$ cat run35.pdb   # PDB, C-alpha atoms
ATOM      1  CA  MET T 120      97.899 113.602  91.389
ATOM      2  CA  THR T 121      95.983 110.708  89.871
ATOM      3  CA  ARG T 122      95.033 108.181  92.576
ATOM      4  CA  ILE T 123      93.156 105.119  91.390
ATOM      5  CA  ALA T 124      91.883 102.319  93.618
ATOM      6  CA  ILE T 125      91.032  98.809  92.435
ATOM      7  CA  THR T 126      88.356  96.327  93.354
ATOM      8  CA  GLY T 127      87.494  93.183  91.503
ATOM      9  CA  HIS T 128      86.683  89.541  91.330
ATOM     10  CA  ARG T 129      89.152  86.867  92.357
ATOM     11  CA  GLY T 130      89.479  83.348  91.033
ATOM     12  CA  LEU T 131      88.750  84.222  87.422
ATOM     13  CA  PRO T 132      89.342  81.650  84.671
ATOM     14  CA  ASP T 133      92.691  82.017  82.861
ATOM     15  CA  ALA T 134      91.113  83.312  79.644
ATOM     16  CA  THR T 135      89.216  86.005  81.570
ATOM     17  CA  THR T 136      92.321  86.913  83.550
ATOM     18  CA  SER T 137      94.146  87.572  80.259
ATOM     19  CA  LEU T 138      91.277  89.718  78.973
ATOM     20  CA  VAL T 139      91.102  91.674  82.232
ATOM     21  CA  ASP T 140      94.875  92.193  82.308
ATOM     22  CA  LYS T 141      94.805  93.634  78.781
ATOM     23  CA  ALA T 142      91.829  95.886  79.617
ATOM     24  CA  LEU T 143      93.419  97.159  82.849
ATOM     25  CA  ARG T 144      96.628  97.937  80.978
ATOM     26  CA  ALA T 145      94.680  99.928  78.391
ATOM     27  CA  GLU T 146      92.754 101.917  81.024
ATOM     28  CA  LEU T 147      95.895 102.660  83.013
ATOM     29  CA  ALA T 148      97.853 103.658  79.896
ATOM     30  CA  ILE T 149      95.244 106.355  79.243
ATOM     31  CA  ARG T 150      95.860 107.744  82.736
ATOM     32  CA  ALA T 151      99.621 107.155  82.926
ATOM     33  CA  ARG T 152     101.265 110.334  84.093
ATOM     34  CA  ALA T 153     104.229 111.091  86.296
ATOM     35  CA  ASP T 154     101.922 111.303  89.317
ATOM     36  CA  LEU T 155     100.015 108.025  88.805
ATOM     37  CA  THR T 156      99.333 106.255  92.100
ATOM     38  CA  GLY T 157      97.568 102.927  92.402
ATOM     39  CA  ILE T 158      95.865 101.850  95.615
ATOM     40  CA  SER T 159      95.323  98.134  96.143
ATOM     41  CA  CYS T 160      94.909  95.384  98.709
ATOM     42  CA  ILE T 161      97.024  93.247  96.292
ATOM     43  CA  ALA T 162      94.881  90.124  96.532
ATOM     44  CA  ASP T 163      95.140  87.565  93.769
ATOM     45  CA  GLY T 164      93.307  88.507  90.596
ATOM     46  CA  ALA T 165      92.369  92.063  89.627
ATOM     47  CA  ASP T 166      94.165  93.673  92.587
ATOM     48  CA  SER T 167      97.583  92.307  91.729
ATOM     49  CA  LEU T 168      97.173  92.657  87.940
ATOM     50  CA  PHE T 169      96.391  96.326  88.502
ATOM     51  CA  ALA T 170      99.262  96.833  90.972
ATOM     52  CA  ASN T 171     101.813  95.246  88.645
ATOM     53  CA  THR T 172     100.710  97.449  85.759
ATOM     54  CA  VAL T 173     100.855 100.620  87.868
ATOM     55  CA  LEU T 174     104.437  99.784  88.802
ATOM     56  CA  GLU T 175     105.379  98.884  85.209
ATOM     57  CA  LEU T 176     104.085 102.301  84.110
ATOM     58  CA  GLY T 177     106.355 103.980  86.665
ATOM     59  CA  GLY T 178     103.566 104.809  89.093
ATOM     60  CA  LEU T 179     103.558 104.547  92.855
ATOM     61  CA  LEU T 180     101.720 101.820  94.731
ATOM     62  CA  ILE T 181      99.914 102.246  98.035
ATOM     63  CA  VAL T 182      98.997  98.933  99.630
ATOM     64  CA  ILE T 183      96.168  98.532 102.114
ATOM     65  CA  VAL T 184      96.519  95.477 104.351
ATOM     66  CA  PRO T 185      93.046  94.803 105.780
ATOM     67  CA  ALA T 186      94.145  92.450 108.583
ATOM     68  CA  ARG T 187      97.230  90.947 110.177
ATOM     69  CA  GLN T 188      96.188  87.480 108.938
ATOM     70  CA  TYR T 189      95.346  88.758 105.446
ATOM     71  CA  ARG T 190      98.311  87.212 103.601
ATOM     72  CA  HIS T 191      97.557  83.823 105.134
ATOM     73  CA  SER T 192      93.981  83.973 103.806
ATOM     74  CA  LEU T 193      95.188  84.338 100.220
ATOM     75  CA  PRO T 194      96.024  81.310  98.055
ATOM     76  CA  ALA T 195      99.505  79.964  98.802
ATOM     77  CA  GLY T 196     100.403  80.278  95.124
ATOM     78  CA  HIS T 197      99.873  84.050  95.371
ATOM     79  CA  HIS T 198     102.157  84.641  98.371
ATOM     80  CA  THR T 199     105.281  85.351  96.292
ATOM     81  CA  THR T 200     103.450  87.928  94.159
ATOM     82  CA  TYR T 201     101.915  89.461  97.287
ATOM     83  CA  ASP T 202     105.331  89.719  98.962
ATOM     84  CA  GLU T 203     106.917  91.289  95.864
ATOM     85  CA  LEU T 204     104.160  93.871  95.526
ATOM     86  CA  LEU T 205     104.238  94.662  99.230
ATOM     87  CA  ALA T 206     108.007  95.230  99.013
ATOM     88  CA  ALA T 207     107.548  97.501  95.964
ATOM     89  CA  ALA T 208     104.913  99.685  97.642
ATOM     90  CA  SER T 209     105.763 103.295  98.344
ATOM     91  CA  GLU T 210     103.390 103.179 101.317
ATOM     92  CA  VAL T 211     101.719 100.391 103.294
ATOM     93  CA  ILE T 212      98.657 101.084 105.424
ATOM     94  CA  GLU T 213      97.771  98.337 107.875
ATOM     95  CA  LEU T 214      94.301  98.236 109.387
ATOM     96  CA  ASP T 215      93.716  97.131 112.944
ATOM     97  CA  TYR T 216      91.965  93.822 112.270
ATOM     98  CA  GLU T 217      93.434  90.478 113.280
ATOM     99  CA  GLU T 218      91.335  88.091 111.179
ATOM    100  CA  SER T 219      90.925  88.395 107.426
ATOM    101  CA  SER T 220      87.128  88.683 107.515
ATOM    102  CA  SER T 221      84.507  90.217 105.249
ATOM    103  CA  GLU T 222      84.358  93.186 107.612
ATOM    104  CA  ALA T 223      88.140  93.673 107.387
ATOM    105  CA  HIS T 224      88.021  93.448 103.593
ATOM    106  CA  GLN T 225      85.245  96.028 103.349
ATOM    107  CA  ALA T 226      87.113  98.305 105.771
ATOM    108  CA  GLY T 227      90.209  97.956 103.581
ATOM    109  CA  SER T 228      88.196  98.906 100.526
ATOM    110  CA  VAL T 229      86.670 101.907 102.275
ATOM    111  CA  ARG T 230      90.168 103.021 103.319
ATOM    112  CA  MET T 231      91.272 102.759  99.674
ATOM    113  CA  LEU T 232      88.349 104.923  98.616
ATOM    114  CA  GLU T 233      89.287 107.561 101.188
ATOM    115  CA  LEU T 234      92.531 108.023  99.241
ATOM    116  CA  ALA T 235      91.184 107.630  95.695
ATOM    117  CA  ASP T 236      90.119 109.987  92.930
ATOM    118  CA  GLU T 237      88.703 107.108  90.887
ATOM    119  CA  LEU T 238      87.832 103.425  91.292
ATOM    120  CA  PHE T 239      88.485 100.701  88.753
ATOM    121  CA  ALA T 240      86.059  97.826  89.234
ATOM    122  CA  VAL T 241      86.736  94.491  87.568
ATOM    123  CA  TRP T 242      83.095  93.592  87.886
ATOM    124  CA  ASP T 243      80.484  91.581  86.039
ATOM    125  CA  GLY T 244      77.759  93.928  87.315
ATOM    126  CA  LYS T 245      76.164  91.323  89.569
ATOM    127  CA  PRO T 246      75.514  91.576  93.332
ATOM    128  CA  ALA T 247      78.330  90.695  95.708
ATOM    129  CA  ARG T 248      78.561  87.038  96.699
ATOM    130  CA  GLY T 249      79.292  88.088 100.258
ATOM    131  CA  TYR T 250      79.710  91.269 102.286
ATOM    132  CA  GLY T 251      82.728  93.241 101.135
ATOM    133  CA  GLY T 252      82.501  92.036  97.545
ATOM    134  CA  THR T 253      83.049  94.110  94.434
ATOM    135  CA  ALA T 254      79.449  95.332  94.218
ATOM    136  CA  ASP T 255      79.632  96.599  97.817
ATOM    137  CA  VAL T 256      82.796  98.572  97.084
ATOM    138  CA  VAL T 257      81.259 100.054  93.937
ATOM    139  CA  ALA T 258      78.189 101.104  95.945
ATOM    140  CA  VAL T 259      80.344 102.950  98.494
ATOM    141  CA  ALA T 260      82.298 104.701  95.736
ATOM    142  CA  GLU T 261      79.121 105.789  93.995
ATOM    143  CA  ALA T 262      77.599 107.020  97.272
ATOM    144  CA  ARG T 263      80.711 109.133  97.826
ATOM    145  CA  GLY T 264      80.712 110.540  94.301
ATOM    146  CA  ILE T 265      83.911 108.760  93.286
ATOM    147  CA  PRO T 266      83.950 107.996  89.559
ATOM    148  CA  VAL T 267      83.856 104.260  88.802
ATOM    149  CA  THR T 268      85.328 102.706  85.674
ATOM    150  CA  VAL T 269      83.969  99.193  85.190
ATOM    151  CA  VAL T 270      86.465  96.881  83.523
ATOM    152  CA  TRP T 271      84.659  93.799  82.236
ATOM    153  CA  PRO T 272      85.837  93.067  78.693
ATOM    154  CA  VAL T 273      83.739  91.348  76.054
ATOM    155  CA  GLY T 274      84.160  87.595  76.492
ATOM    156  CA  ALA T 275      84.980  87.783  80.210
ATOM    157  CA  GLN T 276      83.294  85.117  82.298
ATOM    158  CA  ARG T 277      83.018  84.263  85.942
ATOM    159  CA  ASP T 278      82.421  80.767  87.299
TER
END
$ encode --input "run35.pdb" --output "structure tokens"
Amino acid sequence: MTRIAITGHRGLPDATTSLVDKALRAELAIRARADLTGISCIADGADSLFANTVLELGGLLIVIVPARQYRHSLPAGHHTTYDELLAAASEVIELDYEESSSEAHQAGSVRMLELADELFAVWDGKPARGYGGTADVVAVAEARGIPVTVVWPVGAQRD
């Protein structure tokens, strides 16, 4: 079974989002097999781009919900996508946090890594802007010996 988790930046400019989407599709196409499983918290940005592509390739989606208030912490414009991906998941794992905090997000990422064979990181290589950011998730994966594929295409920018 091929189980890939995703971490990545949110709030990327439209041009970067398009580049990242194309790059994620290419990386997932290389790994597309009958047993492909994506693991995601399905936040806006990299998480949901990845999850949509996994499903389009016929893979299974495992969703980690870091906190009961998680959906409400996401941009309102993302709620429909979040709901659709949640409904399409083959498995949903809910963590026992109420508030959608940095600690809950990091715990969600660690739970993803417990299930993963590989981590995709949509990451500019810079330190996290707050606890639980992409760099923190990459550090945990590396400490656990989980292979990390950085997806940051040429021309990608972050505000």
$ resolve_selection --input "run35.pdb" --expression "the PyMOL selection byres ((chain T and resi 270) around 10)" --output "PyMOL selection string"
chain T and resi 127+138-140+142-143+146+165+239-244+267-269+271-273+275
$ resolve_selection --input "run35.pdb" --expression "the PyMOL selection byres ((chain T and resi 258) around 12)" --output "tab-separated table (two decimals) with C-alpha atoms, in the frame of the given file"
chain	number	residue	atom	x	y	z
T	126	THR	CA	88.36	96.33	93.35
T	225	GLN	CA	85.24	96.03	103.35
T	228	SER	CA	88.20	98.91	100.53
T	229	VAL	CA	86.67	101.91	102.28
T	232	LEU	CA	88.35	104.92	98.62
T	238	LEU	CA	87.83	103.42	91.29
T	240	ALA	CA	86.06	97.83	89.23
T	244	GLY	CA	77.76	93.93	87.32
T	245	LYS	CA	76.16	91.32	89.57
T	246	PRO	CA	75.51	91.58	93.33
T	247	ALA	CA	78.33	90.70	95.71
T	250	TYR	CA	79.71	91.27	102.29
T	251	GLY	CA	82.73	93.24	101.14
T	252	GLY	CA	82.50	92.04	97.54
T	253	THR	CA	83.05	94.11	94.43
T	254	ALA	CA	79.45	95.33	94.22
T	255	ASP	CA	79.63	96.60	97.82
T	256	VAL	CA	82.80	98.57	97.08
T	257	VAL	CA	81.26	100.05	93.94
T	259	VAL	CA	80.34	102.95	98.49
T	260	ALA	CA	82.30	104.70	95.74
T	261	GLU	CA	79.12	105.79	94.00
T	262	ALA	CA	77.60	107.02	97.27
T	263	ARG	CA	80.71	109.13	97.83
T	264	GLY	CA	80.71	110.54	94.30
T	265	ILE	CA	83.91	108.76	93.29
T	266	PRO	CA	83.95	108.00	89.56
T	267	VAL	CA	83.86	104.26	88.80
$ atom_distance --input "run35.pdb" --atom1 "CA of Thr121 in chain T" --atom2 "CA of Leu180 in chain T"
11.6 Å
$ residues_around --input "run35.pdb" --residues "range 214-220 of chain T" --least-positions-apart "2" --cutoff "7 Å" --atoms "only C-alpha atoms" --output "list of chain:residue names"
T:Val184, T:Pro185, T:Ala186, T:Arg187, T:Gln188, T:Tyr189, T:Ser192, T:Ile212, T:Glu222, T:Ala223, T:His224
$ write_last_selection --input "run35.pdb" --atoms "C-alpha atoms" --output "JSON list (two decimals), in the coordinates of the input"
[["chain", "number", "residue", "atom", "x", "y", "z"],
["T", 184, "VAL", "CA", 96.52, 95.48, 104.35],
["T", 185, "PRO", "CA", 93.05, 94.80, 105.78],
["T", 186, "ALA", "CA", 94.14, 92.45, 108.58],
["T", 187, "ARG", "CA", 97.23, 90.95, 110.18],
["T", 188, "GLN", "CA", 96.19, 87.48, 108.94],
["T", 189, "TYR", "CA", 95.35, 88.76, 105.45],
["T", 192, "SER", "CA", 93.98, 83.97, 103.81],
["T", 212, "ILE", "CA", 98.66, 101.08, 105.42],
["T", 222, "GLU", "CA", 84.36, 93.19, 107.61],
["T", 223, "ALA", "CA", 88.14, 93.67, 107.39],
["T", 224, "HIS", "CA", 88.02, 93.45, 103.59]]
$ atom_distance --input "run35.pdb" --atom1 "CA of Glu175 in chain T" --atom2 "CA of Ala226 in chain T"
27.5 Å
$ atom_distance --input "run35.pdb" --atom1 "CA of Ile125 in chain T" --atom2 "CA of Ile161 in chain T"
9.0 Å
$ closest_residue --input "run35.pdb" --among "T:Glu213, T:Asp133, T:Asp236, T:Asp163" --to "Tyr201 in chain T" --atoms "all atoms listed in the file"
T:Asp163
$ closest_residue --input "run35.pdb" --among "T:Ala124, T:Thr199, T:Val173, T:Glu233" --to "Ile149 in chain T" --atoms "only C-alpha atoms"
T:Val173
$ closest_residue --input "run35.pdb" --among "T:His198, T:His128, T:Arg150, T:Arg277" --to "Glu237 in chain T" --atoms "all atoms listed in the file"
T:Arg150
$ closest_residue --input "run35.pdb" --among "T:Leu131, T:Ser209, T:Cys160, T:Leu176" --to "Arg144 in chain T" --atoms "all atoms listed in the file"
T:Leu176
$ residues_around --input "run35.pdb" --residues "Met120 in chain T" --least-positions-apart "6" --cutoff "12 Å" --atoms "all atoms listed in the file" --output "JSON, numbers by chain"
{"T": [150, 151, 152, 153, 154, 155, 156, 157, 178, 179, 234, 235, 236, 237]}
$ closest_residue --input "run35.pdb" --among "T:Gly227, T:Leu168, T:Ser221, T:Arg248" --to "Thr200 in chain T" --atoms "all atoms listed in the file"
T:Leu168
